[in-house]
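As provided, data_5.csv (CSV, C-alpha atoms) reads as follows.
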chain,number,residue,atom,x,y,z
A,1,MET,CA,-8.2,7.2,-5.0
A,2,ILE,CA,-8.9,8.3,-8.6
A,3,ARG,CA,-12.0,9.4,-10.4
A,4,ALA,CA,-13.5,7.0,-12.9
A,5,ASP,CA,-13.3,9.5,-15.7
A,6,LEU,CA,-9.6,9.9,-15.3
A,7,VAL,CA,-9.2,6.1,-15.4
A,8,ALA,CA,-11.2,6.2,-18.7
A,9,GLN,CA,-9.0,9.0,-20.1
A,10,ILE,CA,-5.8,7.1,-19.3
A,11,MET,CA,-7.2,3.9,-20.9
A,12,VAL,CA,-8.3,5.7,-24.0
A,13,HIS,CA,-4.8,7.1,-24.5
A,14,ALA,CA,-3.3,3.6,-23.8
A,15,PHE,CA,-5.6,1.9,-26.4
A,16,ALA,CA,-4.9,4.7,-28.9
A,17,GLU,CA,-1.2,4.0,-28.7
A,18,GLN,CA,-1.8,0.3,-28.8
A,19,ALA,CA,-3.8,0.7,-32.0
A,20,ALA,CA,-1.2,3.1,-33.5
A,21,GLY,CA,1.6,0.5,-33.2
A,22,GLU,CA,-0.1,-2.9,-33.5
A,23,THR,CA,0.5,-5.0,-36.6
A,24,PRO,CA,-0.4,-8.7,-37.2
A,25,GLU,CA,3.1,-9.5,-36.0
A,26,LEU,CA,3.9,-6.8,-33.5
A,27,PRO,CA,2.3,-5.4,-30.3
A,28,GLY,CA,1.2,-1.8,-30.0
A,29,PHE,CA,3.1,1.2,-28.6
A,30,GLU,CA,3.4,2.1,-25.0
A,31,ALA,CA,1.5,5.2,-23.8
A,32,CYS,CA,2.6,7.5,-21.0
A,33,GLY,CA,1.4,10.5,-19.1
A,34,MET,CA,0.6,12.0,-15.7
A,35,VAL,CA,-2.4,13.1,-13.7
A,36,ALA,CA,-1.6,16.4,-11.9
A,37,GLY,CA,-3.2,17.6,-8.7
A,38,PRO,CA,-2.8,20.3,-6.1
A,39,GLU,CA,0.8,20.3,-4.9
A,40,GLY,CA,1.1,18.2,-1.7
A,41,SER,CA,-2.4,16.6,-2.2
A,42,GLU,CA,-3.3,13.0,-3.1
A,43,ARG,CA,-6.0,14.2,-5.5
A,44,PRO,CA,-5.3,13.4,-9.2
A,45,GLU,CA,-7.4,15.9,-11.2
A,46,ARG,CA,-5.8,16.9,-14.6
A,47,HIS,CA,-4.9,14.2,-17.1
A,48,ILE,CA,-1.8,15.1,-19.2
A,49,THR,CA,-0.9,12.8,-22.1
A,50,MET,CA,2.8,12.8,-22.8
A,51,SER,CA,4.6,12.0,-26.1
A,52,ASN,CA,6.6,8.8,-25.9
A,53,ALA,CA,10.1,9.8,-27.2
A,54,ALA,CA,10.7,6.2,-28.3
A,55,ARG,CA,8.1,6.7,-31.0
A,56,MET,CA,10.6,9.0,-32.7
A,57,TRP,CA,13.5,6.6,-32.6
A,58,THR,CA,14.5,5.6,-36.1
A,59,GLU,CA,16.0,2.3,-34.9
A,60,PRO,CA,15.9,0.2,-31.7
A,61,GLN,CA,18.0,1.4,-28.8
A,62,VAL,CA,19.6,-0.9,-26.2
A,63,VAL,CA,18.4,-0.3,-22.6
A,64,LYS,CA,19.7,-2.7,-19.9
A,65,GLY,CA,21.2,-5.0,-22.4
A,66,ARG,CA,18.1,-5.4,-24.6
A,67,GLU,CA,17.0,-3.8,-27.8
A,68,ARG,CA,13.9,-1.7,-27.2
A,69,SER,CA,11.4,0.3,-29.2
A,70,ALA,CA,8.2,2.2,-28.4
A,71,ARG,CA,6.6,-1.2,-28.2
A,72,THR,CA,8.7,-2.1,-25.1
A,73,TYR,CA,9.8,1.3,-23.8
A,74,PHE,CA,8.5,4.8,-23.0
A,75,ASP,CA,10.4,8.0,-22.3
A,76,PHE,CA,8.8,11.4,-21.7
A,77,GLU,CA,9.9,13.6,-24.6
A,78,VAL,CA,12.3,16.2,-23.0
A,79,ALA,CA,11.0,19.5,-24.5
A,80,GLU,CA,7.4,18.6,-23.8
A,81,LYS,CA,8.3,17.5,-20.3
A,82,LEU,CA,9.9,20.8,-19.6
A,83,ALA,CA,6.8,22.7,-20.7
A,84,VAL,CA,4.4,20.5,-18.8
A,85,PHE,CA,6.4,20.6,-15.5
A,86,ARG,CA,6.6,24.4,-15.9
A,87,GLU,CA,2.8,24.6,-16.3
A,88,MET,CA,2.3,22.4,-13.3
A,89,ASP,CA,4.5,24.7,-11.2
A,90,ARG,CA,2.5,27.7,-12.5
A,91,ARG,CA,-0.7,26.1,-11.4
A,92,ASP,CA,0.7,24.9,-8.0
A,93,GLU,CA,0.3,21.3,-9.1
A,94,TRP,CA,2.4,18.2,-8.9
A,95,PRO,CA,2.2,14.9,-10.7
A,96,VAL,CA,0.1,12.8,-8.3
A,97,VAL,CA,0.1,10.0,-10.8
A,98,THR,CA,2.7,9.0,-13.4
A,99,TYR,CA,1.5,6.2,-15.7
A,100,HIS,CA,2.5,4.1,-18.7
A,101,SER,CA,1.0,1.2,-20.5
A,102,HIS,CA,2.4,-2.2,-21.3
A,103,SER,CA,1.0,-3.3,-24.7
A,104,HIS,CA,1.7,-7.0,-24.4
A,105,THR,CA,2.6,-7.8,-20.8
A,106,HIS,CA,0.9,-7.5,-17.5
A,107,ALA,CA,0.4,-4.2,-15.7
A,108,TYR,CA,3.4,-4.7,-13.3
A,109,PRO,CA,6.6,-2.7,-13.1
A,110,SER,CA,9.5,-4.2,-15.1
A,111,ASP,CA,13.2,-4.0,-14.0
A,112,VAL,CA,13.7,-0.9,-16.1
A,113,ASP,CA,10.6,0.7,-14.5
A,114,VAL,CA,11.9,-0.1,-11.0
A,115,ASP,CA,15.3,1.5,-11.9
A,116,ILE,CA,13.6,4.8,-12.8
A,117,MET,CA,11.2,4.6,-9.9
A,118,SER,CA,14.3,4.4,-7.7
A,119,GLY,CA,16.0,7.3,-9.4
A,120,PRO,CA,17.6,10.1,-7.3
A,121,LEU,CA,14.9,12.7,-8.3
A,122,THR,CA,11.9,10.4,-8.3
A,123,ASP,CA,9.5,11.6,-5.6
A,124,PRO,CA,8.5,8.6,-3.5
A,125,ARG,CA,5.1,10.2,-3.0
A,126,ILE,CA,4.2,9.7,-6.7
A,127,HIS,CA,1.8,6.9,-7.6
A,128,TRP,CA,3.2,4.8,-10.4
A,129,VAL,CA,0.3,3.5,-12.4
A,130,VAL,CA,0.9,0.7,-14.9
A,131,VAL,CA,-1.9,-0.4,-17.2
A,132,SER,CA,-2.1,-3.2,-19.8
A,133,THR,CA,-3.6,-3.2,-23.2
A,134,ARG,CA,-2.7,-6.8,-23.9
A,135,GLU,CA,-5.2,-9.3,-25.1
A,136,ASN,CA,-6.8,-11.1,-22.3
A,137,ALA,CA,-6.0,-8.4,-19.8
A,138,GLU,CA,-7.0,-9.2,-16.3
A,139,PRO,CA,-9.4,-6.6,-15.0
A,140,THR,CA,-8.4,-5.0,-11.7
A,141,VAL,CA,-10.7,-2.0,-11.6
A,142,PRO,CA,-14.4,-1.3,-12.5
A,143,GLY,CA,-14.7,-0.9,-16.2
A,144,GLY,CA,-12.7,-4.1,-16.8
A,145,HIS,CA,-9.3,-2.5,-17.1
A,146,GLU,CA,-6.0,-3.9,-16.0
A,147,PHE,CA,-5.0,-0.8,-14.1
A,148,ARG,CA,-2.6,-1.1,-11.1
A,149,SER,CA,-0.7,1.3,-8.9
A,150,PHE,CA,2.6,1.1,-7.2
A,151,ARG,CA,5.0,3.0,-5.0
A,152,ILE,CA,8.7,2.4,-4.3
A,153,LEU,CA,10.4,3.4,-1.0
A,154,ASP,CA,13.9,2.5,-0.1
A,155,GLY,CA,14.1,0.1,-3.0
A,156,VAL,CA,11.0,-1.8,-2.0
A,157,LEU,CA,8.2,-2.0,-4.5
A,158,THR,CA,4.7,-2.0,-3.0
A,159,GLU,CA,1.4,-2.4,-4.8
A,160,GLU,CA,-1.5,-0.3,-3.5
A,161,GLU,CA,-5.2,-0.6,-3.8
A,162,VAL,CA,-6.8,1.5,-6.5
A,163,ASP,CA,-10.0,3.0,-5.2
A,164,VAL,CA,-12.0,4.3,-8.2
A,165,VAL,CA,-14.7,6.9,-7.4
A,166,GLU,CA,-17.2,8.9,-9.4
A,167,SER,CA,-16.4,12.1,-7.5
A,168,TYR,CA,-13.9,13.2,-4.9
A,169,MET,CA,-16.6,15.3,-3.4
A,170,PHE,CA,-18.6,12.4,-2.0
A,171,ALA,CA,-15.9,9.9,-1.7
A,172,ARG,CA,-15.3,10.5,2.1
A,173,ASP,CA,-18.8,11.3,3.5
A,174,GLY,CA,-19.7,14.3,1.4
A,175,ALA,CA,-21.4,16.1,4.3
A,176,ASP,CA,-18.9,18.8,5.2
A,177,VAL,CA,-16.9,19.3,2.0
A,178,LEU,CA,-17.6,22.7,0.7
A,179,HIS,CA,-14.5,23.6,-1.3
A,180,PRO,CA,-12.2,21.4,-3.2
A,181,ASN,CA,-9.2,22.7,-1.3
A,182,ALA,CA,-10.7,21.4,1.9
A,183,LEU,CA,-10.0,17.9,0.6
A,184,ALA,CA,-6.3,18.5,0.1
A,185,THR,CA,-5.8,19.5,3.8
A,186,HIS,CA,-8.2,17.1,5.4
A,187,PRO,CA,-6.3,14.4,7.3
A,188,ASP,CA,-8.5,11.6,5.9
A,189,HIS,CA,-7.2,12.6,2.4
A,190,THR,CA,-3.5,12.3,3.0
A,191,THR,CA,-3.6,8.6,2.0
A,192,TRP,CA,-4.2,7.1,-1.4
A,193,SER,CA,-7.1,4.7,-0.8
B,1,MET,CA,25.9,36.1,-12.2
B,2,ALA,CA,22.6,35.0,-10.7
B,3,VAL,CA,20.5,32.4,-12.3
B,4,THR,CA,17.2,31.0,-11.3
B,5,VAL,CA,17.1,27.3,-10.6
B,6,SER,CA,13.8,25.4,-10.7
B,7,ILE,CA,13.8,22.7,-8.1
B,8,PRO,CA,11.9,19.3,-8.4
B,9,THR,CA,9.5,18.4,-5.7
B,10,ILE,CA,11.7,15.8,-4.0
B,11,LEU,CA,14.5,18.4,-3.5
B,12,ARG,CA,12.3,21.1,-2.1
B,13,THR,CA,12.9,19.8,1.4
B,14,HIS,CA,16.4,21.2,0.9
B,15,THR,CA,15.2,24.6,-0.2
B,16,GLY,CA,12.7,25.2,2.6
B,17,GLY,CA,9.9,24.3,0.3
B,18,GLU,CA,10.9,26.9,-2.4
B,19,LYS,CA,10.1,25.9,-6.0
B,20,SER,CA,12.9,28.0,-7.3
B,21,VAL,CA,16.0,29.5,-5.8
B,22,GLU,CA,18.9,31.7,-7.0
B,23,ALA,CA,22.4,30.4,-7.6
B,24,LYS,CA,25.6,31.6,-9.2
B,25,GLY,CA,27.8,30.0,-11.9
B,26,SER,CA,28.7,30.2,-15.5
B,27,THR,CA,28.4,26.4,-16.1
B,28,VAL,CA,26.0,23.8,-14.9
B,29,ALA,CA,28.7,22.3,-12.7
B,30,GLU,CA,29.3,25.7,-11.0
B,31,VAL,CA,25.6,26.3,-10.5
B,32,ILE,CA,25.3,22.8,-8.8
B,33,ASP,CA,28.3,23.6,-6.6
B,34,ASP,CA,26.8,26.9,-5.5
B,35,LEU,CA,23.4,25.2,-4.9
B,36,GLU,CA,25.1,22.7,-2.7
B,37,ALA,CA,26.8,25.4,-0.7
B,38,ARG,CA,23.5,27.1,-0.1
B,39,HIS,CA,21.2,24.0,0.2
B,40,SER,CA,23.3,21.1,1.3
B,41,GLY,CA,22.3,17.7,0.0
B,42,ILE,CA,21.3,18.6,-3.6
B,43,ALA,CA,24.5,17.8,-5.5
B,44,GLY,CA,24.6,14.2,-4.5
B,45,ARG,CA,21.2,13.7,-6.2
B,46,LEU,CA,22.4,15.2,-9.5
B,47,VAL,CA,26.0,14.1,-10.0
B,48,ASN,CA,27.3,10.6,-10.0
B,49,ASP,CA,31.1,9.8,-10.5
B,50,GLY,CA,31.6,13.3,-11.8
B,51,LYS,CA,28.9,13.0,-14.4
B,52,LEU,CA,25.3,14.1,-14.6
B,53,HIS,CA,23.2,11.2,-13.2
B,54,ARG,CA,21.5,9.3,-16.0
B,55,PHE,CA,18.1,9.7,-14.5
B,56,VAL,CA,18.4,13.4,-14.1
B,57,ASN,CA,17.5,16.0,-16.7
B,58,ILE,CA,18.9,19.5,-16.4
B,59,TYR,CA,17.8,22.3,-18.8
B,60,VAL,CA,19.4,25.7,-19.3
B,61,ASP,CA,16.5,27.8,-20.4
B,62,ASP,CA,14.8,25.4,-23.0
B,63,GLU,CA,17.8,23.2,-23.8
B,64,ASP,CA,18.5,19.8,-22.3
B,65,VAL,CA,22.2,20.0,-21.3
B,66,ARG,CA,22.7,16.4,-22.2
B,67,PHE,CA,23.0,17.6,-25.8
B,68,ALA,CA,24.9,20.8,-24.9
B,69,GLY,CA,28.0,19.8,-22.9
B,70,GLY,CA,26.5,18.1,-19.8
B,71,LEU,CA,27.9,19.5,-16.6
B,72,GLU,CA,30.1,21.9,-18.6
B,73,ALA,CA,27.2,23.4,-20.5
B,74,PRO,CA,27.4,27.2,-20.3
B,75,VAL,CA,24.9,29.1,-18.2
B,76,GLY,CA,24.2,32.7,-19.2
B,77,GLU,CA,23.3,35.5,-17.0
B,78,ASN,CA,19.6,35.6,-16.1
B,79,SER,CA,19.2,32.0,-17.4
B,80,THR,CA,16.8,29.6,-15.8
B,81,VAL,CA,18.1,26.2,-14.9
B,82,THR,CA,15.4,23.5,-14.5
B,83,ILE,CA,16.1,20.2,-12.8
B,84,LEU,CA,13.7,17.4,-13.5
B,85,PRO,CA,13.6,13.6,-13.0
B,86,ALA,CA,13.8,11.2,-15.9
B,87,VAL,CA,10.5,9.5,-16.6
B,88,ALA,CA,10.9,6.4,-18.6
B,89,GLY,CA,10.6,2.6,-18.4
B,90,GLY,CA,8.9,-0.2,-20.3
B,91,ALA,CA,7.8,-3.7,-20.5
B,92,ALA,CA,9.7,-6.7,-19.2
B,93,THR,CA,9.7,-8.8,-22.3
B,94,GLY,CA,10.8,-8.2,-25.9
B,95,GLY,CA,8.4,-7.4,-28.7
Would you mind writing the file out in structure tokens?
Amino acid sequence: MIRADLVAQIMVHAFAEQAAGETPELPGFEACGMVAGPEGSERPERHITMSNAARMWTEPQVVKGRERSARTYFDFEVAEKLAVFREMDRRDEWPVVTYHSHSHTHAYPSDVDVDIMSGPLTDPRIHWVVVSTRENAEPTVPGGHEFRSFRILDGVLTEEEVDVVESYMFARDGADVLHPNALATHPDHTTWS
Amino acid sequence: MAVTVSIPTILRTHTGGEKSVEAKGSTVAEVIDDLEARHSGIAGRLVNDGKLHRFVNIYVDDEDVRFAGGLEAPVGENSTVTILPAVAGGAATGG
């Protein structure tokens, strides 16, 4: 479950990077970021754009046997990542969502995405959102965006439904939710959709 | 010497839910060995074939140790060691 305004913020970032890199011959850059929420919760609340370190590469680098650039690769910039994760710890948050964009392919994890998602420190509770800013994107959520979410557990990639809501307050039944923290501990809100 | 180690969410099951723990060591490798002695199961997530796993970022204070000697990077007294996952990826086709 994710608020519509957060979906919009992610897509604005993705299209800004698309526009920054696009030329008549080349596709745009990939965007990346996270949506933090209360630690242990399934509630994405705070959008954090991250700098794609590949934007700073002066020449293509080879990853898994193929030359890559910011048009085909993203990597959270290391100094910014340290600062952002420290801030999340201070706020008792964790990254509920980690996202990136594909600027000319569909919104589906590639082989290099799955490698990282299977990494030894990748928390399997994270929702991996992939969006596409390609021409003729296939809408998957309200607003017409190609915005899909995945998880990987024991090497098995699973797509999950993305439930876009206007507000978390009224997403369940709205009647007895008085404080935002109540959502985090309510058993109905331990699942994503 | 005691250093503070910041633990990523996935490893907090090994530290009783603690976000940061204390450890001893004057290099990253020694800190990891001490962490493993105190919180079994952590070292295998960080080190692969005697090297820092390629999808693991370790910082001593503000410096990524990949550019400062890797597992042999020095750790000063009262330093903070931060362990984070790599977050990277990309599209399936060239461009």
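If you look at atom CA of A:Arg68 and atom CA of A:Arg151, they are 24.4 Å away from each other.
Using all atoms listed in the file, the nearest neighbour of chain A within the list B:Ala37, B:Leu11, B:Ala23, B:Ile32 is B:Leu11.
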Once you count only C-alpha atoms, which residues of chain B turn out to be within 9 Å of chain A? Could you give them as JSON, numbers by chain?
{"B": [6, 8, 9, 10, 11, 19, 44, 45, 46, 53, 54, 55, 56, 57, 59, 62, 63, 64, 82, 83, 84, 85, 86, 87, 88, 89, 90, 91, 92, 93, 94, 95]}
So that I can see what lies close to stretch 71-73 of chain B, please list as a ChimeraX atom specification the residues with an atom at most 8 Å from it, counting all atoms listed in the file and leaving out residues fewer than 5 positions away in the same chain.
/B:27-29,51-52,65
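Across the structure, atom CA of A:Ser51 and atom CA of A:Val12 are spaced 14.5 Å apart.
Distance-wise, atom CA of A:Ala20 and atom CA of A:Pro60 end up 17.4 Å apart.
If you measure from each of B:Gly50, B:Gly76, B:Gly16, B:Gly70 to B:Arg38 using all atoms listed in the file, the closest one turns out to be B:Gly16.
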Let me know the centre plus edge lengths, in Å and rounded to one decimal, of a box with edges along x, y and z that contains all listed atoms of stretch 74-81 of chain B and is padded by 5 Å on every side, as lines of an AutoDock Vina configuration file.
center_x = 22.1
center_y = 30.9
center_z = -17.6
size_x = 20.6
size_y = 19.4
size_z = 15.4
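The nearest approach to B:Glu22 among the residues B:Ala2, B:Ile7, B:Ile42, B:Val81, with only C-alpha atoms taken into account, belongs to B:Ala2.
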B:Asp34, B:Ser40, B:Arg12, B:Gly25 ranked by distance to B:Val60, top pick (using only C-alpha atoms):
B:Gly25
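If all atoms listed in the file are the atoms counted, then among A:Ala8, A:Val131, A:Ile2, A:Met34 the closest residue to A:Gly143 is A:Ala8.
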Check the smallest atom-to-atom distance from each of B:Thr15, B:Ser20, B:Thr4, B:Asn48 to B:Val75 using all atoms listed in the file, then report the winner.
B:Thr4
